[in-house]
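Working notes for the structure below.
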Amino acid sequence: MAKQAYATSSLVVGYALCSSLLAIINKYAITKFSYPGLLTALQYLTSVVGVWVLGKLGFLCHDAFNLKTAKKFAPAAAVFYLAIFTNTHLLKHANVDTFIVFRSLTPLLVAIADTTFRKQPCPSKLTFLSLVIILGGAVGYVMTDSAFTLTAYSWALAYLITITTEMVYIKHMVTNLGLTTWGFVLYNNLLSLLMAPVFGFLTGEHLSVFRAIESRGQSWFELDSFVAVALSCVFGLLISFFGFAARKAISATAFTVTGVVNKFLTVAINVMIWDKHASTFGLVCLLFTLAGGVLYQQSVATKGNSSAQREAAAKQGRGDDDAVELDEESQRLVSSPKVV
């Protein structure tokens, strides 16, 4: 029992460290290696090779790659690639705090999209209040951002649109394909890796890479850039492992709470290690936005919990034998909010 608790704790700590440090490491990597497209391609390559090697060694099981499934999965991979692509460019032109603020805005857009396009019920009063808090914190942050540039916020808006699209539509399509978790990681990263050269040529980044190699001649290799990129690639793979393992080892509620704590850790670490962060008032607005996110998660979980209990009670009232089983399954499913 103690051994299992130690293993679970190790997984949670590993996930917390990877999650809280990844945005900062990516910011550091893009600062030292200013080629976003190539950086993300190297991250995809590391994840694909890592999953394949670990699968061969028997540490994990993933779906075999086939063209038919790849064609069905391609739209999801395209949106995923665009989300990572815009995310990396956002980190290149803005600080980590700006990234977190726009990432925290996703519940607001998801709620609007659910109500408008998917004909879902309007948010409850508590959910609406949390969304207003998120919006207020984000507006306050933007208005006081001394590092505001049109380029940075254009990438931020593009990132917000793509990540919201992924949350609202793509998850449903991916679920219907019946892939395992590691199969999802393999398809996502492999198809994104195949898209990387296309975007590299479209953005002209390949010309910048060739010019940099030619100008530096024999001294093109830089140790600090190599370490930054290597850390980014390794942590990208590690967060997949620890994230999926921790999700299985602990409850959905505990996993969600860990994710929220990770955001606060990211802010704290980012402030302590360098000066690439927001002003004091900007940080207050950022924490305000994160608090709204916590309230949103609680409101969604509470609403889902009540619905599950009503459904279970109806089942028991009809005398169904599987009423208890349904109740347990409902509690497990609704303990995780729609948006993390």
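Identifiers for the structure tokens are assigned positionally: chains receive A, B, ... in sequence, residues are indexed from 1 per chain, and ligands are indexed from 1 in the order shown.
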How close does stretch 50-161 of chain A get to stretch 23-45 of chain A? List, as CSV, each residue of stretch 50-161 of chain A within 6 Å, its nearest atom pair and the distance in Å to one decimal, counting only C-alpha atoms.
```
residue,atom,partner,partner_atom,distance
A:Thr88,CA,A:Pro36,CA,5.8
A:Leu91,CA,A:Lys27,CA,5.6
A:Lys92,CA,A:Ile30,CA,5.8
```
Contacts of stretch 190-294 of chain A with stretch 176-181 of chain A up to 12 Å, shortest pair per row, only C-alpha atoms, as CSV:
```
residue,atom,partner,partner_atom,distance
A:Ser240,CA,A:Thr181,CA,9.5
A:Phe241,CA,A:Thr181,CA,10.1
A:Gly243,CA,A:Thr181,CA,10.8
A:Phe244,CA,A:Thr181,CA,7.6
A:Ala245,CA,A:Thr181,CA,10.3
A:Arg247,CA,A:Thr181,CA,11.1
A:Lys248,CA,A:Thr181,CA,11.0
```
Atoms kept (N, CA and C atoms) for selection, written as a tab-separated table (two decimals), in the first residue's frame:
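Below is the file selection_27.tsv, written as the result:
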```tsv
chain	number	residue	atom	x	y	z
A	240	SER	N	3.74	14.09	-21.60
A	240	SER	CA	2.79	13.11	-22.13
A	240	SER	C	2.74	11.89	-21.23
A	241	PHE	N	3.94	11.41	-20.84
A	241	PHE	CA	4.00	10.21	-19.99
A	241	PHE	C	3.39	10.48	-18.61
A	243	GLY	N	1.54	12.98	-17.60
A	243	GLY	CA	0.16	13.43	-17.65
A	243	GLY	C	-0.81	12.26	-17.76
A	244	PHE	N	-0.54	11.33	-18.68
A	244	PHE	CA	-1.42	10.19	-18.86
A	244	PHE	C	-1.36	9.23	-17.67
A	245	ALA	N	-0.15	9.03	-17.14
A	245	ALA	CA	0.02	8.13	-16.00
A	245	ALA	C	-0.67	8.68	-14.75
A	247	ARG	N	-3.16	10.80	-14.70
A	247	ARG	CA	-4.61	10.80	-14.93
A	247	ARG	C	-5.21	9.44	-14.56
A	248	LYS	N	-4.45	8.37	-14.80
A	248	LYS	CA	-4.93	7.03	-14.47
A	248	LYS	C	-4.79	6.73	-12.99
```
Just the residues within 9 Å of A:Ala138, please, counting only C-alpha atoms, with nothing from its chain fewer than 4 positions along; format it as a PyMOL selection string. chain A and resi 101-102+104-105+133-134+142-143+285-286+288-289
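Residues surrounding A:Thr46 within 12 Å are Leu39, Thr40, Trp52, Val53, Leu54, Val185, Leu186, Asn189, Leu190, Leu193, Val229, Ala230, Leu231, Ser232, Cys233, Val234, Phe235, Gly236, Leu237, Leu238 and Ser240 of chain A [only C-alpha atoms; sequence separation below 6 positions excluded].
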Please provide the set of residues having any atom within 12 Å of A:Ser130, restricted to only C-alpha atoms, with same-chain residues fewer than 4 positions apart removed, written as a ChimeraX atom specification. /A:104-105,107-108,111,123-126,134-137,288-300
Just to confirm, what's the straight-line distance from atom CA of A:Val198 to atom CA of A:Tyr81 in Å (one decimal)? 11.6 Å
Run DSSP on the backbone of this structure and report the residues of stretch 3-189 of chain A it assigns to helix (DSSP H, G or I), as an NGL selection string. :A and (3-32 or 36-56 or 67-93 or 96-104 or 106-116 or 125-143 or 150-177 or 181-189)
Neighbour list for A:His277 as an MDAnalysis selection string, cut-off 10 Å, only C-alpha atoms, skip fewer than 2 positions in-chain: chainID A and resid 94:98 145 147 267 270:275 279:280 282:283
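Among the candidates A:Gly183, A:Gly204, A:Pro197, A:Gly50, the one nearest to A:Asp63 when counting only C-alpha atoms is A:Gly183.
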Give me, as a PDB file with all heavy atoms, in the first residue's frame, all polymer residues having an atom no more than 6 Å from stretch 152-166 of chain A, counting only C-alpha atoms and skipping those fewer than 6 positions away in the same chain.
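In the end it all went to result16.pdb:
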```pdb
ATOM      1  N   ALA A  83      -2.426  24.953 -33.275  1.00  0.00           N
ATOM      2  CA  ALA A  83      -2.425  25.407 -31.882  1.00  0.00           C
ATOM      3  C   ALA A  83      -1.000  25.495 -31.346  1.00  0.00           C
ATOM      4  O   ALA A  83      -0.625  26.486 -30.704  1.00  0.00           O
ATOM      5  CB  ALA A  83      -3.271  24.462 -31.027  1.00  0.00           C
ATOM      6  N   THR A  86       0.944  28.405 -33.294  1.00  0.00           N
ATOM      7  CA  THR A  86       0.632  29.746 -32.799  1.00  0.00           C
ATOM      8  C   THR A  86       1.110  29.932 -31.361  1.00  0.00           C
ATOM      9  O   THR A  86       1.539  31.026 -30.979  1.00  0.00           O
ATOM     10  CB  THR A  86      -0.884  30.005 -32.876  1.00  0.00           C
ATOM     11  OG1 THR A  86      -1.596  28.937 -32.211  1.00  0.00           O
ATOM     12  CG2 THR A  86      -1.352  30.071 -34.323  1.00  0.00           C
ATOM     13  N   ASN A  87       1.068  28.869 -30.576  1.00  0.00           N
ATOM     14  CA  ASN A  87       1.559  28.915 -29.198  1.00  0.00           C
ATOM     15  C   ASN A  87       3.048  29.268 -29.171  1.00  0.00           C
ATOM     16  O   ASN A  87       3.485  30.134 -28.398  1.00  0.00           O
ATOM     17  CB  ASN A  87       1.313  27.552 -28.537  1.00  0.00           C
ATOM     18  CG  ASN A  87       1.960  27.448 -27.161  1.00  0.00           C
ATOM     19  OD1 ASN A  87       2.314  28.440 -26.544  1.00  0.00           O
ATOM     20  ND2 ASN A  87       2.100  26.226 -26.684  1.00  0.00           N
ATOM     21  N   LEU A  90       3.598  32.806 -30.168  1.00  0.00           N
ATOM     22  CA  LEU A  90       3.179  33.680 -29.076  1.00  0.00           C
ATOM     23  C   LEU A  90       4.277  33.786 -28.028  1.00  0.00           C
ATOM     24  O   LEU A  90       4.599  34.892 -27.554  1.00  0.00           O
ATOM     25  CB  LEU A  90       1.892  33.143 -28.447  1.00  0.00           C
ATOM     26  CG  LEU A  90       1.421  33.809 -27.145  1.00  0.00           C
ATOM     27  CD1 LEU A  90       1.211  35.305 -27.357  1.00  0.00           C
ATOM     28  CD2 LEU A  90       0.150  33.142 -26.645  1.00  0.00           C
ATOM     29  N   HIS A  93       7.121  36.099 -29.125  1.00  0.00           N
ATOM     30  CA  HIS A  93       6.880  37.547 -29.148  1.00  0.00           C
ATOM     31  C   HIS A  93       6.326  38.106 -27.836  1.00  0.00           C
ATOM     32  O   HIS A  93       6.242  39.323 -27.684  1.00  0.00           O
ATOM     33  CB  HIS A  93       5.907  37.885 -30.281  1.00  0.00           C
ATOM     34  CG  HIS A  93       6.442  37.593 -31.640  1.00  0.00           C
ATOM     35  ND1 HIS A  93       7.383  38.371 -32.265  1.00  0.00           N
ATOM     36  CD2 HIS A  93       6.183  36.565 -32.498  1.00  0.00           C
ATOM     37  CE1 HIS A  93       7.678  37.873 -33.451  1.00  0.00           C
ATOM     38  NE2 HIS A  93       6.960  36.774 -33.624  1.00  0.00           N
ATOM     39  N   ALA A  94       5.935  37.239 -26.895  1.00  0.00           N
ATOM     40  CA  ALA A  94       5.355  37.713 -25.632  1.00  0.00           C
ATOM     41  C   ALA A  94       5.915  36.896 -24.473  1.00  0.00           C
ATOM     42  O   ALA A  94       6.614  35.898 -24.678  1.00  0.00           O
ATOM     43  CB  ALA A  94       3.834  37.608 -25.678  1.00  0.00           C
ATOM     44  N   THR A 106      -9.933  30.459 -22.606  1.00  0.00           N
ATOM     45  CA  THR A 106     -10.619  29.432 -23.399  1.00  0.00           C
ATOM     46  C   THR A 106     -11.990  29.034 -22.851  1.00  0.00           C
ATOM     47  O   THR A 106     -12.912  28.805 -23.636  1.00  0.00           O
ATOM     48  CB  THR A 106      -9.737  28.184 -23.568  1.00  0.00           C
ATOM     49  OG1 THR A 106      -9.260  27.762 -22.278  1.00  0.00           O
ATOM     50  CG2 THR A 106      -8.555  28.466 -24.468  1.00  0.00           C
TER      51      THR A 106
END
```
